[in-house]
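As stored in input.tsv (TSV, N, CA and C atoms):
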chain	number	residue	atom	x	y	z
P	913	PHE	N	-9.26	-0.70	15.30
P	913	PHE	CA	-8.08	-1.28	14.69
P	913	PHE	C	-7.43	-0.23	13.80
P	914	ASN	N	-6.75	0.70	14.44
P	914	ASN	CA	-6.12	1.78	13.71
P	914	ASN	C	-4.73	1.39	13.22
P	915	LEU	N	-4.34	2.05	12.18
P	915	LEU	CA	-3.00	1.88	11.63
P	915	LEU	C	-2.22	3.16	11.87
P	916	ASN	N	-0.93	3.02	12.19
P	916	ASN	CA	-0.06	4.18	12.20
P	916	ASN	C	0.27	4.50	10.75
P	917	ALA	N	0.17	5.77	10.40
P	917	ALA	CA	0.39	6.18	9.01
P	917	ALA	C	1.43	7.28	8.96
P	918	THR	N	2.34	7.13	8.02
P	918	THR	CA	3.34	8.16	7.74
P	918	THR	C	3.33	8.39	6.24
P	919	ASP	N	3.11	9.64	5.84
P	919	ASP	CA	3.12	9.94	4.41
P	919	ASP	C	4.11	11.07	4.15
P	920	ASN	N	4.64	11.09	2.93
P	920	ASN	CA	5.50	12.20	2.52
P	920	ASN	C	5.58	12.25	1.00
P	921	GLU	N	5.88	13.45	0.52
P	921	GLU	CA	6.09	13.63	-0.91
P	921	GLU	C	7.52	13.23	-1.22
P	922	ILE	N	7.70	12.47	-2.30
P	922	ILE	CA	9.03	12.00	-2.68
P	922	ILE	C	9.54	12.80	-3.88
P	923	HIS	N	8.80	12.77	-4.99
P	923	HIS	CA	9.17	13.48	-6.22
P	923	HIS	C	7.93	14.21	-6.73
P	924	SER	N	7.99	15.52	-6.78
P	924	SER	CA	6.82	16.27	-7.23
P	924	SER	C	6.41	15.90	-8.66
P	925	ASP	N	7.36	15.42	-9.47
P	925	ASP	CA	7.05	15.02	-10.83
P	925	ASP	C	6.88	13.50	-10.97
P	926	GLY	N	6.79	12.80	-9.83
P	926	GLY	CA	6.66	11.34	-9.85
P	926	GLY	C	5.27	10.88	-10.24
P	927	ASN	N	5.12	9.55	-10.29
P	927	ASN	CA	3.86	8.94	-10.72
P	927	ASN	C	3.26	8.12	-9.59
P	928	GLY	N	2.16	8.55	-9.06
P	928	GLY	CA	1.39	7.74	-8.14
P	928	GLY	C	1.85	7.76	-6.69
P	929	LEU	N	1.12	6.98	-5.90
P	929	LEU	CA	1.34	6.84	-4.47
P	929	LEU	C	1.84	5.44	-4.17
P	930	ALA	N	3.01	5.32	-3.58
P	930	ALA	CA	3.54	4.02	-3.14
P	930	ALA	C	3.02	3.75	-1.74
P	931	VAL	N	2.17	2.73	-1.59
P	931	VAL	CA	1.62	2.36	-0.29
P	931	VAL	C	2.41	1.17	0.23
P	932	LYS	N	3.07	1.36	1.38
P	932	LYS	CA	3.81	0.30	2.04
P	932	LYS	C	2.93	-0.19	3.19
P	933	PHE	N	2.32	-1.35	3.02
P	933	PHE	CA	1.39	-1.90	4.01
P	933	PHE	C	2.12	-3.01	4.76
P	934	ASN	N	2.66	-2.66	5.93
P	934	ASN	CA	3.54	-3.53	6.71
P	934	ASN	C	2.79	-4.19	7.86
P	935	ILE	N	2.20	-5.34	7.63
P	935	ILE	CA	1.51	-6.05	8.71
P	935	ILE	C	2.41	-7.14	9.29
P	936	VAL	N	2.96	-7.99	8.44
P	936	VAL	CA	3.80	-9.09	8.92
P	936	VAL	C	5.28	-8.84	8.70
P	937	ALA	N	5.62	-7.84	7.89
P	937	ALA	CA	7.02	-7.52	7.62
P	937	ALA	C	7.09	-6.08	7.11
P	938	ASP	N	8.27	-5.50	7.22
P	938	ASP	CA	8.52	-4.17	6.68
P	938	ASP	C	8.95	-4.33	5.22
P	939	VAL	N	8.21	-3.72	4.31
P	939	VAL	CA	8.48	-3.88	2.88
P	939	VAL	C	9.52	-2.90	2.35
P	940	THR	N	10.03	-2.03	3.19
P	940	THR	CA	10.89	-0.93	2.73
P	940	THR	C	12.10	-1.40	1.95
P	941	THR	N	12.84	-2.40	2.44
P	941	THR	CA	14.05	-2.86	1.77
P	941	THR	C	13.73	-3.40	0.38
P	942	ASP	N	12.69	-4.23	0.27
P	942	ASP	CA	12.32	-4.79	-1.03
P	942	ASP	C	11.76	-3.72	-1.96
P	943	LEU	N	11.05	-2.74	-1.41
P	943	LEU	CA	10.55	-1.64	-2.24
P	943	LEU	C	11.72	-0.82	-2.76
P	944	ASP	N	12.70	-0.53	-1.90
P	944	ASP	CA	13.88	0.21	-2.34
P	944	ASP	C	14.62	-0.52	-3.45
P	945	LYS	N	14.70	-1.85	-3.34
P	945	LYS	CA	15.35	-2.65	-4.39
P	945	LYS	C	14.56	-2.54	-5.69
P	946	TYR	N	13.24	-2.63	-5.60
P	946	TYR	CA	12.41	-2.50	-6.80
P	946	TYR	C	12.62	-1.14	-7.47
P	947	VAL	N	12.61	-0.08	-6.67
P	947	VAL	CA	12.78	1.27	-7.21
P	947	VAL	C	14.14	1.39	-7.89
P	948	SER	N	15.15	0.85	-7.26
P	948	SER	CA	16.51	0.89	-7.83
P	948	SER	C	16.58	0.15	-9.16
P	949	GLU	N	15.96	-1.02	-9.22
P	949	GLU	CA	16.00	-1.84	-10.44
P	949	GLU	C	15.11	-1.30	-11.56
P	950	SER	N	13.97	-0.73	-11.19
P	950	SER	CA	12.98	-0.32	-12.19
P	950	SER	C	13.11	1.15	-12.60
P	951	GLY	N	13.75	1.94	-11.75
P	951	GLY	CA	13.83	3.38	-12.02
P	951	GLY	C	12.53	4.11	-11.74
P	952	SER	N	11.59	3.47	-11.04
P	952	SER	CA	10.31	4.10	-10.73
P	952	SER	C	10.51	5.34	-9.86
P	953	ARG	N	9.67	6.33	-10.10
P	953	ARG	CA	9.68	7.56	-9.29
P	953	ARG	C	8.25	7.82	-8.85
P	954	PHE	N	8.00	7.63	-7.58
P	954	PHE	CA	6.66	7.85	-7.05
P	954	PHE	C	6.53	9.29	-6.57
P	955	LYS	N	5.34	9.84	-6.71
P	955	LYS	CA	5.09	11.20	-6.25
P	955	LYS	C	5.12	11.27	-4.73
P	956	ALA	N	4.51	10.26	-4.08
P	956	ALA	CA	4.42	10.26	-2.62
P	956	ALA	C	4.43	8.83	-2.11
P	957	SER	N	4.67	8.69	-0.82
P	957	SER	CA	4.59	7.37	-0.19
P	957	SER	C	3.71	7.45	1.05
P	958	LEU	N	3.11	6.32	1.36
P	958	LEU	CA	2.28	6.17	2.56
P	958	LEU	C	2.67	4.85	3.20
P	959	GLN	N	3.12	4.92	4.44
P	959	GLN	CA	3.48	3.70	5.16
P	959	GLN	C	2.42	3.43	6.21
P	960	LEU	N	1.89	2.20	6.21
P	960	LEU	CA	0.84	1.78	7.13
P	960	LEU	C	1.35	0.62	7.96
P	961	THR	N	1.24	0.74	9.29
P	961	THR	CA	1.70	-0.29	10.21
P	961	THR	C	0.70	-0.40	11.36
P	962	PRO	N	0.38	-1.62	11.80
P	962	PRO	CA	-0.53	-1.76	12.94
P	962	PRO	C	0.00	-1.04	14.18
P	963	GLU	N	-0.91	-0.51	14.98
P	963	GLU	CA	-0.51	0.17	16.22
P	963	GLU	C	0.32	-0.74	17.12
P	964	GLY	N	0.02	-2.03	17.12
P	964	GLY	CA	0.75	-2.99	17.95
P	964	GLY	C	2.09	-3.39	17.36
P	965	GLY	N	2.40	-2.89	16.17
P	965	GLY	CA	3.67	-3.19	15.53
P	965	GLY	C	3.57	-4.31	14.51
P	966	ILE	N	4.62	-4.44	13.73
P	966	ILE	CA	4.69	-5.48	12.70
P	966	ILE	C	4.69	-6.84	13.38
P	967	GLY	N	3.93	-7.77	12.82
P	967	GLY	CA	3.87	-9.13	13.35
P	967	GLY	C	2.75	-9.35	14.36
P	968	GLU	N	1.94	-8.33	14.56
P	968	GLU	CA	0.80	-8.45	15.48
P	968	GLU	C	-0.12	-9.58	15.02
P	969	ILE	N	-0.71	-10.31	15.95
P	969	ILE	CA	-1.67	-11.37	15.62
P	969	ILE	C	-2.90	-10.73	14.99
P	970	ILE	N	-3.32	-11.30	13.86
P	970	ILE	CA	-4.48	-10.77	13.13
P	970	ILE	C	-5.67	-11.70	13.36
P	971	THR	N	-6.76	-11.11	13.82
P	971	THR	CA	-8.02	-11.84	13.99
P	971	THR	C	-8.96	-11.45	12.85
P	972	LYS	N	-10.10	-12.13	12.76
P	972	LYS	CA	-11.04	-11.76	11.70
P	972	LYS	C	-11.54	-10.33	11.91
P	973	GLU	N	-11.69	-9.91	13.16
P	973	GLU	CA	-12.14	-8.55	13.43
P	973	GLU	C	-11.07	-7.53	13.04
P	974	SER	N	-9.82	-7.83	13.40
P	974	SER	CA	-8.77	-6.87	13.08
P	974	SER	C	-8.49	-6.83	11.58
P	975	ALA	N	-8.68	-7.94	10.87
P	975	ALA	CA	-8.48	-7.94	9.42
P	975	ALA	C	-9.42	-6.94	8.75
P	976	VAL	N	-10.68	-6.96	9.13
P	976	VAL	CA	-11.65	-6.02	8.58
P	976	VAL	C	-11.31	-4.60	9.03
P	977	GLY	N	-10.97	-4.45	10.29
P	977	GLY	CA	-10.63	-3.13	10.82
P	977	GLY	C	-9.43	-2.51	10.14
P	978	TYR	N	-8.38	-3.29	9.92
P	978	TYR	CA	-7.19	-2.77	9.24
P	978	TYR	C	-7.49	-2.41	7.80
P	979	ALA	N	-8.31	-3.22	7.13
P	979	ALA	CA	-8.69	-2.90	5.75
P	979	ALA	C	-9.46	-1.58	5.69
P	980	ARG	N	-10.40	-1.38	6.60
P	980	ARG	CA	-11.17	-0.13	6.63
P	980	ARG	C	-10.28	1.07	6.94
P	981	SER	N	-9.41	0.90	7.90
P	981	SER	CA	-8.48	1.97	8.25
P	981	SER	C	-7.56	2.30	7.08
P	982	ALA	N	-7.06	1.27	6.40
P	982	ALA	CA	-6.17	1.48	5.26
P	982	ALA	C	-6.89	2.24	4.15
P	983	LYS	N	-8.13	1.87	3.87
P	983	LYS	CA	-8.88	2.57	2.82
P	983	LYS	C	-9.00	4.05	3.14
P	984	LYS	N	-9.35	4.36	4.37
P	984	LYS	CA	-9.50	5.76	4.79
P	984	LYS	C	-8.19	6.52	4.62
P	985	LEU	N	-7.09	5.94	5.07
P	985	LEU	CA	-5.79	6.60	5.00
P	985	LEU	C	-5.30	6.73	3.57
P	986	ILE	N	-5.54	5.72	2.74
P	986	ILE	CA	-5.15	5.79	1.33
P	986	ILE	C	-5.95	6.88	0.64
P	987	ARG	N	-7.25	6.93	0.90
P	987	ARG	CA	-8.11	7.96	0.27
P	987	ARG	C	-7.62	9.37	0.66
P	988	GLU	N	-7.25	9.56	1.93
P	988	GLU	CA	-6.74	10.85	2.39
P	988	GLU	C	-5.46	11.23	1.64
P	989	ALA	N	-4.55	10.27	1.46
P	989	ALA	CA	-3.30	10.54	0.76
P	989	ALA	C	-3.54	10.81	-0.72
P	990	VAL	N	-4.46	10.07	-1.33
P	990	VAL	CA	-4.81	10.29	-2.74
P	990	VAL	C	-5.28	11.73	-2.93
P	991	THR	N	-6.11	12.21	-2.04
P	991	THR	CA	-6.61	13.58	-2.12
P	991	THR	C	-5.50	14.59	-1.85
P	992	LYS	N	-4.74	14.36	-0.80
P	992	LYS	CA	-3.67	15.29	-0.40
P	992	LYS	C	-2.64	15.50	-1.50
P	993	TYR	N	-2.24	14.42	-2.17
P	993	TYR	CA	-1.19	14.50	-3.18
P	993	TYR	C	-1.69	14.48	-4.62
P	994	ASP	N	-3.02	14.53	-4.80
P	994	ASP	CA	-3.64	14.52	-6.13
P	994	ASP	C	-3.12	13.35	-6.96
P	995	ILE	N	-3.38	12.15	-6.47
P	995	ILE	CA	-2.84	10.91	-7.02
P	995	ILE	C	-3.80	10.31	-8.05
P	996	ASP	N	-3.23	9.79	-9.15
P	996	ASP	CA	-4.05	9.13	-10.17
P	996	ASP	C	-3.78	7.63	-10.26
P	997	LYS	N	-2.82	7.12	-9.46
P	997	LYS	CA	-2.53	5.68	-9.46
P	997	LYS	C	-1.92	5.30	-8.11
P	998	ILE	N	-2.40	4.20	-7.57
P	998	ILE	CA	-1.89	3.68	-6.29
P	998	ILE	C	-1.01	2.47	-6.60
P	999	HIS	N	0.16	2.42	-5.98
P	999	HIS	CA	1.08	1.29	-6.11
P	999	HIS	C	1.13	0.60	-4.75
P	1000	LEU	N	0.58	-0.61	-4.67
P	1000	LEU	CA	0.42	-1.29	-3.39
P	1000	LEU	C	1.49	-2.36	-3.18
P	1001	PHE	N	2.30	-2.15	-2.14
P	1001	PHE	CA	3.33	-3.09	-1.71
P	1001	PHE	C	2.87	-3.63	-0.37
P	1002	PHE	N	2.39	-4.86	-0.35
P	1002	PHE	CA	1.65	-5.42	0.78
P	1002	PHE	C	2.39	-6.60	1.38
P	1003	ALA	N	2.52	-6.58	2.71
P	1003	ALA	CA	3.06	-7.74	3.44
P	1003	ALA	C	2.08	-8.02	4.57
P	1004	GLY	N	1.15	-8.93	4.29
P	1004	GLY	CA	0.14	-9.23	5.29
P	1004	GLY	C	-0.66	-10.46	4.91
P	1005	PRO	N	-1.58	-10.82	5.78
P	1005	PRO	CA	-2.40	-12.00	5.53
P	1005	PRO	C	-3.36	-11.80	4.35
P	1006	LEU	N	-3.69	-12.90	3.71
P	1006	LEU	CA	-4.59	-12.89	2.57
P	1006	LEU	C	-5.94	-12.27	2.94
P	1007	GLY	N	-6.44	-12.55	4.13
P	1007	GLY	CA	-7.73	-12.02	4.54
P	1007	GLY	C	-7.78	-10.50	4.51
P	1008	VAL	N	-6.72	-9.86	4.98
P	1008	VAL	CA	-6.67	-8.39	4.95
P	1008	VAL	C	-6.66	-7.91	3.50
P	1009	ALA	N	-5.88	-8.59	2.65
P	1009	ALA	CA	-5.81	-8.20	1.24
P	1009	ALA	C	-7.18	-8.30	0.58
P	1010	ILE	N	-7.91	-9.36	0.87
P	1010	ILE	CA	-9.24	-9.54	0.27
P	1010	ILE	C	-10.20	-8.46	0.75
P	1011	PHE	N	-10.22	-8.19	2.05
P	1011	PHE	CA	-11.11	-7.15	2.57
P	1011	PHE	C	-10.73	-5.78	2.00
P	1012	LEU	N	-9.43	-5.49	1.90
P	1012	LEU	CA	-9.00	-4.22	1.35
P	1012	LEU	C	-9.44	-4.10	-0.11
P	1013	GLY	N	-9.22	-5.14	-0.89
P	1013	GLY	CA	-9.63	-5.12	-2.29
P	1013	GLY	C	-11.12	-4.88	-2.45
P	1014	GLN	N	-11.90	-5.46	-1.56
P	1014	GLN	CA	-13.35	-5.30	-1.60
P	1014	GLN	C	-13.75	-3.84	-1.32
P	1015	LEU	N	-12.94	-3.14	-0.53
P	1015	LEU	CA	-13.27	-1.77	-0.13
P	1015	LEU	C	-12.73	-0.69	-1.06
P	1016	LEU	N	-11.91	-1.06	-2.02
P	1016	LEU	CA	-11.25	-0.04	-2.85
P	1016	LEU	C	-12.12	0.46	-3.99
P	1017	ASN	N	-13.32	0.85	-3.67
P	1017	ASN	CA	-14.19	1.44	-4.69
P	1017	ASN	C	-13.97	2.96	-4.71
P	1018	SER	N	-14.31	3.57	-5.82
P	1018	SER	CA	-14.15	5.01	-5.99
P	1018	SER	C	-12.72	5.46	-5.73
P	1019	MET	N	-11.77	4.70	-6.23
P	1019	MET	CA	-10.35	5.00	-6.07
P	1019	MET	C	-9.69	4.98	-7.44
P	1020	PRO	N	-8.51	5.60	-7.54
P	1020	PRO	CA	-7.74	5.46	-8.78
P	1020	PRO	C	-7.36	3.99	-8.98
P	1021	GLU	N	-6.80	3.68	-10.16
P	1021	GLU	CA	-6.37	2.31	-10.39
P	1021	GLU	C	-5.29	1.94	-9.38
P	1022	VAL	N	-5.25	0.62	-9.06
P	1022	VAL	CA	-4.30	0.12	-8.07
P	1022	VAL	C	-3.40	-0.91	-8.75
P	1023	GLN	N	-2.11	-0.60	-8.81
P	1023	GLN	CA	-1.12	-1.55	-9.30
P	1023	GLN	C	-0.60	-2.34	-8.11
P	1024	CYS	N	-0.83	-3.64	-8.11
P	1024	CYS	CA	-0.34	-4.49	-7.03
P	1024	CYS	C	1.01	-5.07	-7.43
P	1025	TYR	N	1.82	-5.37	-6.45
P	1025	TYR	CA	3.15	-5.92	-6.67
P	1025	TYR	C	3.30	-7.21	-5.89
P	1026	GLU	N	4.09	-8.11	-6.43
P	1026	GLU	CA	4.36	-9.41	-5.80
P	1026	GLU	C	5.82	-9.44	-5.38
P	1027	GLN	N	6.04	-9.86	-4.15
P	1027	GLN	CA	7.41	-9.95	-3.64
P	1027	GLN	C	8.14	-11.11	-4.32
P	1028	LYS	N	9.39	-10.85	-4.73
P	1028	LYS	CA	10.20	-11.88	-5.37
P	1028	LYS	C	11.01	-12.64	-4.32
P	1029	GLN	N	11.32	-13.90	-4.60
P	1029	GLN	CA	12.06	-14.73	-3.64
P	1029	GLN	C	13.45	-14.17	-3.36
P	1030	ASP	N	14.07	-13.55	-4.35
P	1030	ASP	CA	15.42	-13.01	-4.16
P	1030	ASP	C	15.40	-11.55	-3.71
P	1031	GLY	N	14.27	-11.08	-3.25
P	1031	GLY	CA	14.13	-9.70	-2.79
P	1031	GLY	C	13.62	-8.80	-3.90
P	1032	GLY	N	13.05	-7.71	-3.51
P	1032	GLY	CA	12.45	-6.79	-4.47
P	1032	GLY	C	11.02	-7.19	-4.79
P	1033	TYR	N	10.46	-6.52	-5.76
P	1033	TYR	CA	9.08	-6.76	-6.17
P	1033	TYR	C	9.01	-6.84	-7.69
P	1034	GLN	N	7.92	-7.41	-8.16
P	1034	GLN	CA	7.60	-7.41	-9.58
P	1034	GLN	C	6.12	-7.08	-9.73
P	1035	LEU	N	5.75	-6.59	-10.91
P	1035	LEU	CA	4.35	-6.28	-11.17
P	1035	LEU	C	3.48	-7.51	-10.98
P	1036	SER	N	2.31	-7.31	-10.43
P	1036	SER	CA	1.35	-8.39	-10.26
P	1036	SER	C	0.09	-7.97	-11.01
P	1037	CYS	N	-1.02	-7.82	-10.32
P	1037	CYS	CA	-2.27	-7.47	-11.00
P	1037	CYS	C	-2.52	-5.97	-10.96
P	1038	LEU	N	-3.35	-5.52	-11.90
P	1038	LEU	CA	-3.77	-4.12	-11.95
P	1038	LEU	C	-5.28	-4.10	-11.72
P	1039	ILE	N	-5.69	-3.38	-10.70
P	1039	ILE	CA	-7.11	-3.25	-10.40
P	1039	ILE	C	-7.57	-1.92	-11.01
P	1040	PRO	N	-8.47	-1.97	-12.00
P	1040	PRO	CA	-8.87	-0.74	-12.69
P	1040	PRO	C	-9.61	0.22	-11.76
P	1041	ARG	N	-9.60	1.48	-12.16
P	1041	ARG	CA	-10.35	2.51	-11.43
P	1041	ARG	C	-11.81	2.09	-11.35
P	1042	THR	N	-12.39	2.26	-10.18
P	1042	THR	CA	-13.79	1.84	-10.01
P	1042	THR	C	-14.67	3.01	-9.64
For this file, produce the structure as structure tokens.
Amino acid sequence: FNLNATDNEIHSDGNGLAVKFNIVADVTTDLDKYVSESGSRFKASLQLTPEGGIGEIITKESAVGYARSAKKLIREAVTKYDIDKIHLFFAGPLGVAIFLGQLLNSMPEVQCYEQKQDGGYQLSCLIPRT
């Protein structure tokens, strides 16, 4: 259960890694709105999408597989860009989120965001460095 991953540096003086985890929807428009409203500047971004595309049916096996794949890809980006904070913008089933959270050990702190009804995101929970 591999994920397609695209990463790039955005602002060399930015803060953290923006992870766009697109399982059931593309978070790009709402993330762009959040960045515009908040003035956030991320150092790099990582976009994760299932090989079968957005909206793929998720099984219990694929939920675990996508979480494992995401952890590996996030860890690689953290190392590549020397990241001290992960900003997670997630559009997917709760099961994948739970499995991913369980696997995020030995990582920088993770700032999670909640999608707003009128578009964009707002701060949600902060998972401390483990």
Worksheet item: Skipping near chain neighbours, those fewer than 4 positions away, what residues fall within 6 Å of range 1029-1040 of chain P using only C-alpha atoms, listed as a ChimeraX atom specification?
Response: /P:942-943,945-946,1021-1025
Practice prompt. Rounded to one decimal place, report the atom C of Val990 in chain P-atom N of Pro962 in chain P distance in Å.
Written response: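 Atom N of Pro962 in chain P lies 20.7 Å from atom C of Val990 in chain P.
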Discussion item. Can you tell me which residues surround Asp994 in chain P at a distance of at most 10 Å, considering only C-alpha atoms, apart from same-chain residues fewer than 4 positions away, and format the answer as a list in words?
Written reply: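 Contacts, in chain order: Gly928, Leu929, Lys955, Ala956, Glu988, Ala989 and Val990 of chain P.
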Dump N, CA and C atoms for the selected residues as a short mmCIF file (atom, residue, chain, number, x, y, z; two decimals), in the coordinates of the input?
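The result, written out as out06.cif:
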data_model
loop_
_atom_site.label_atom_id
_atom_site.label_comp_id
_atom_site.auth_asym_id
_atom_site.auth_seq_id
_atom_site.Cartn_x
_atom_site.Cartn_y
_atom_site.Cartn_z
N GLY P 928 2.16 8.55 -9.06
CA GLY P 928 1.39 7.74 -8.14
C GLY P 928 1.85 7.76 -6.69
N LEU P 929 1.12 6.98 -5.90
CA LEU P 929 1.34 6.84 -4.47
C LEU P 929 1.84 5.44 -4.17
N LYS P 955 5.34 9.84 -6.71
CA LYS P 955 5.09 11.20 -6.25
C LYS P 955 5.12 11.27 -4.73
N ALA P 956 4.51 10.26 -4.08
CA ALA P 956 4.42 10.26 -2.62
C ALA P 956 4.43 8.83 -2.11
N GLU P 988 -7.25 9.56 1.93
CA GLU P 988 -6.74 10.85 2.39
C GLU P 988 -5.46 11.23 1.64
N ALA P 989 -4.55 10.27 1.46
CA ALA P 989 -3.30 10.54 0.76
C ALA P 989 -3.54 10.81 -0.72
N VAL P 990 -4.46 10.07 -1.33
CA VAL P 990 -4.81 10.29 -2.74
C VAL P 990 -5.28 11.73 -2.93
#
Item to complete: Within chain P, find each residue whose DSSP state, derived from the backbone, is helix (DSSP H, G or I), and express the selection as number ranges by chain.
Response: P: 940-950, 972-993, 1006-1015
Given the selection you just returned, output its residues as a file containing N, CA and C atoms, formatted as a CSV table (one decimal), keeping the file's coordinate frame.
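Below is the file that was written, result_20.csv:
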chain,number,residue,atom,x,y,z
P,940,THR,N,10.0,-2.0,3.2
P,940,THR,CA,10.9,-0.9,2.7
P,940,THR,C,12.1,-1.4,2.0
P,941,THR,N,12.8,-2.4,2.4
P,941,THR,CA,14.0,-2.9,1.8
P,941,THR,C,13.7,-3.4,0.4
P,942,ASP,N,12.7,-4.2,0.3
P,942,ASP,CA,12.3,-4.8,-1.0
P,942,ASP,C,11.8,-3.7,-2.0
P,943,LEU,N,11.0,-2.7,-1.4
P,943,LEU,CA,10.6,-1.6,-2.2
P,943,LEU,C,11.7,-0.8,-2.8
P,944,ASP,N,12.7,-0.5,-1.9
P,944,ASP,CA,13.9,0.2,-2.3
P,944,ASP,C,14.6,-0.5,-3.4
P,945,LYS,N,14.7,-1.8,-3.3
P,945,LYS,CA,15.4,-2.6,-4.4
P,945,LYS,C,14.6,-2.5,-5.7
P,946,TYR,N,13.2,-2.6,-5.6
P,946,TYR,CA,12.4,-2.5,-6.8
P,946,TYR,C,12.6,-1.1,-7.5
P,947,VAL,N,12.6,-0.1,-6.7
P,947,VAL,CA,12.8,1.3,-7.2
P,947,VAL,C,14.1,1.4,-7.9
P,948,SER,N,15.2,0.8,-7.3
P,948,SER,CA,16.5,0.9,-7.8
P,948,SER,C,16.6,0.2,-9.2
P,949,GLU,N,16.0,-1.0,-9.2
P,949,GLU,CA,16.0,-1.8,-10.4
P,949,GLU,C,15.1,-1.3,-11.6
P,950,SER,N,14.0,-0.7,-11.2
P,950,SER,CA,13.0,-0.3,-12.2
P,950,SER,C,13.1,1.2,-12.6
P,972,LYS,N,-10.1,-12.1,12.8
P,972,LYS,CA,-11.0,-11.8,11.7
P,972,LYS,C,-11.5,-10.3,11.9
P,973,GLU,N,-11.7,-9.9,13.2
P,973,GLU,CA,-12.1,-8.6,13.4
P,973,GLU,C,-11.1,-7.5,13.0
P,974,SER,N,-9.8,-7.8,13.4
P,974,SER,CA,-8.8,-6.9,13.1
P,974,SER,C,-8.5,-6.8,11.6
P,975,ALA,N,-8.7,-7.9,10.9
P,975,ALA,CA,-8.5,-7.9,9.4
P,975,ALA,C,-9.4,-6.9,8.8
P,976,VAL,N,-10.7,-7.0,9.1
P,976,VAL,CA,-11.6,-6.0,8.6
P,976,VAL,C,-11.3,-4.6,9.0
P,977,GLY,N,-11.0,-4.4,10.3
P,977,GLY,CA,-10.6,-3.1,10.8
P,977,GLY,C,-9.4,-2.5,10.1
P,978,TYR,N,-8.4,-3.3,9.9
P,978,TYR,CA,-7.2,-2.8,9.2
P,978,TYR,C,-7.5,-2.4,7.8
P,979,ALA,N,-8.3,-3.2,7.1
P,979,ALA,CA,-8.7,-2.9,5.8
P,979,ALA,C,-9.5,-1.6,5.7
P,980,ARG,N,-10.4,-1.4,6.6
P,980,ARG,CA,-11.2,-0.1,6.6
P,980,ARG,C,-10.3,1.1,6.9
P,981,SER,N,-9.4,0.9,7.9
P,981,SER,CA,-8.5,2.0,8.2
P,981,SER,C,-7.6,2.3,7.1
P,982,ALA,N,-7.1,1.3,6.4
P,982,ALA,CA,-6.2,1.5,5.3
P,982,ALA,C,-6.9,2.2,4.2
P,983,LYS,N,-8.1,1.9,3.9
P,983,LYS,CA,-8.9,2.6,2.8
P,983,LYS,C,-9.0,4.0,3.1
P,984,LYS,N,-9.4,4.4,4.4
P,984,LYS,CA,-9.5,5.8,4.8
P,984,LYS,C,-8.2,6.5,4.6
P,985,LEU,N,-7.1,5.9,5.1
P,985,LEU,CA,-5.8,6.6,5.0
P,985,LEU,C,-5.3,6.7,3.6
P,986,ILE,N,-5.5,5.7,2.7
P,986,ILE,CA,-5.2,5.8,1.3
P,986,ILE,C,-6.0,6.9,0.6
P,987,ARG,N,-7.2,6.9,0.9
P,987,ARG,CA,-8.1,8.0,0.3
P,987,ARG,C,-7.6,9.4,0.7
P,988,GLU,N,-7.2,9.6,1.9
P,988,GLU,CA,-6.7,10.8,2.4
P,988,GLU,C,-5.5,11.2,1.6
P,989,ALA,N,-4.6,10.3,1.5
P,989,ALA,CA,-3.3,10.5,0.8
P,989,ALA,C,-3.5,10.8,-0.7
P,990,VAL,N,-4.5,10.1,-1.3
P,990,VAL,CA,-4.8,10.3,-2.7
P,990,VAL,C,-5.3,11.7,-2.9
P,991,THR,N,-6.1,12.2,-2.0
P,991,THR,CA,-6.6,13.6,-2.1
P,991,THR,C,-5.5,14.6,-1.8
P,992,LYS,N,-4.7,14.4,-0.8
P,992,LYS,CA,-3.7,15.3,-0.4
P,992,LYS,C,-2.6,15.5,-1.5
P,993,TYR,N,-2.2,14.4,-2.2
P,993,TYR,CA,-1.2,14.5,-3.2
P,993,TYR,C,-1.7,14.5,-4.6
P,1006,LEU,N,-3.7,-12.9,3.7
P,1006,LEU,CA,-4.6,-12.9,2.6
P,1006,LEU,C,-5.9,-12.3,2.9
P,1007,GLY,N,-6.4,-12.6,4.1
P,1007,GLY,CA,-7.7,-12.0,4.5
P,1007,GLY,C,-7.8,-10.5,4.5
P,1008,VAL,N,-6.7,-9.9,5.0
P,1008,VAL,CA,-6.7,-8.4,5.0
P,1008,VAL,C,-6.7,-7.9,3.5
P,1009,ALA,N,-5.9,-8.6,2.6
P,1009,ALA,CA,-5.8,-8.2,1.2
P,1009,ALA,C,-7.2,-8.3,0.6
P,1010,ILE,N,-7.9,-9.4,0.9
P,1010,ILE,CA,-9.2,-9.5,0.3
P,1010,ILE,C,-10.2,-8.5,0.8
P,1011,PHE,N,-10.2,-8.2,2.0
P,1011,PHE,CA,-11.1,-7.2,2.6
P,1011,PHE,C,-10.7,-5.8,2.0
P,1012,LEU,N,-9.4,-5.5,1.9
P,1012,LEU,CA,-9.0,-4.2,1.4
P,1012,LEU,C,-9.4,-4.1,-0.1
P,1013,GLY,N,-9.2,-5.1,-0.9
P,1013,GLY,CA,-9.6,-5.1,-2.3
P,1013,GLY,C,-11.1,-4.9,-2.4
P,1014,GLN,N,-11.9,-5.5,-1.6
P,1014,GLN,CA,-13.4,-5.3,-1.6
P,1014,GLN,C,-13.8,-3.8,-1.3
P,1015,LEU,N,-12.9,-3.1,-0.5
P,1015,LEU,CA,-13.3,-1.8,-0.1
P,1015,LEU,C,-12.7,-0.7,-1.1
If the box runs along x, y and z of the file and leaves 8 Å on each side of range 944-963 of chain P, what are its centre and edge lengths in Å, one decimal, as AutoDock Vina command-line options?
--center_x 7.8 --center_y 4.3 --center_z 2.3 --size_x 33.5 --size_y 29.9 --size_z 45.7
Discussion item. Between CA of Lys1028 in chain P and CA of Leu1016 in chain P, what is the distance in Å, rounded to a tenth?
Written reply: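 Interatomic distance here is 24.6 Å.
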Practice prompt. Find the residues near range 1002-1015 of chain P: any atom within 5 Å, counting all atoms listed in the file, skip ones fewer than 3 places away on the same chain, and give them as a list of chain:residue names.
Written response: P:Phe933, P:Ile935, P:Val936, P:Ala937, P:Ala975, P:Ala979
Worksheet item: Which one of P:Thr940, P:Gln959, P:Ser950, P:Thr971 sits closest to Asp919 in chain P if you count only C-alpha atoms?
Response: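 For Asp919 in chain P, the nearest of the given residues is P:Gln959.
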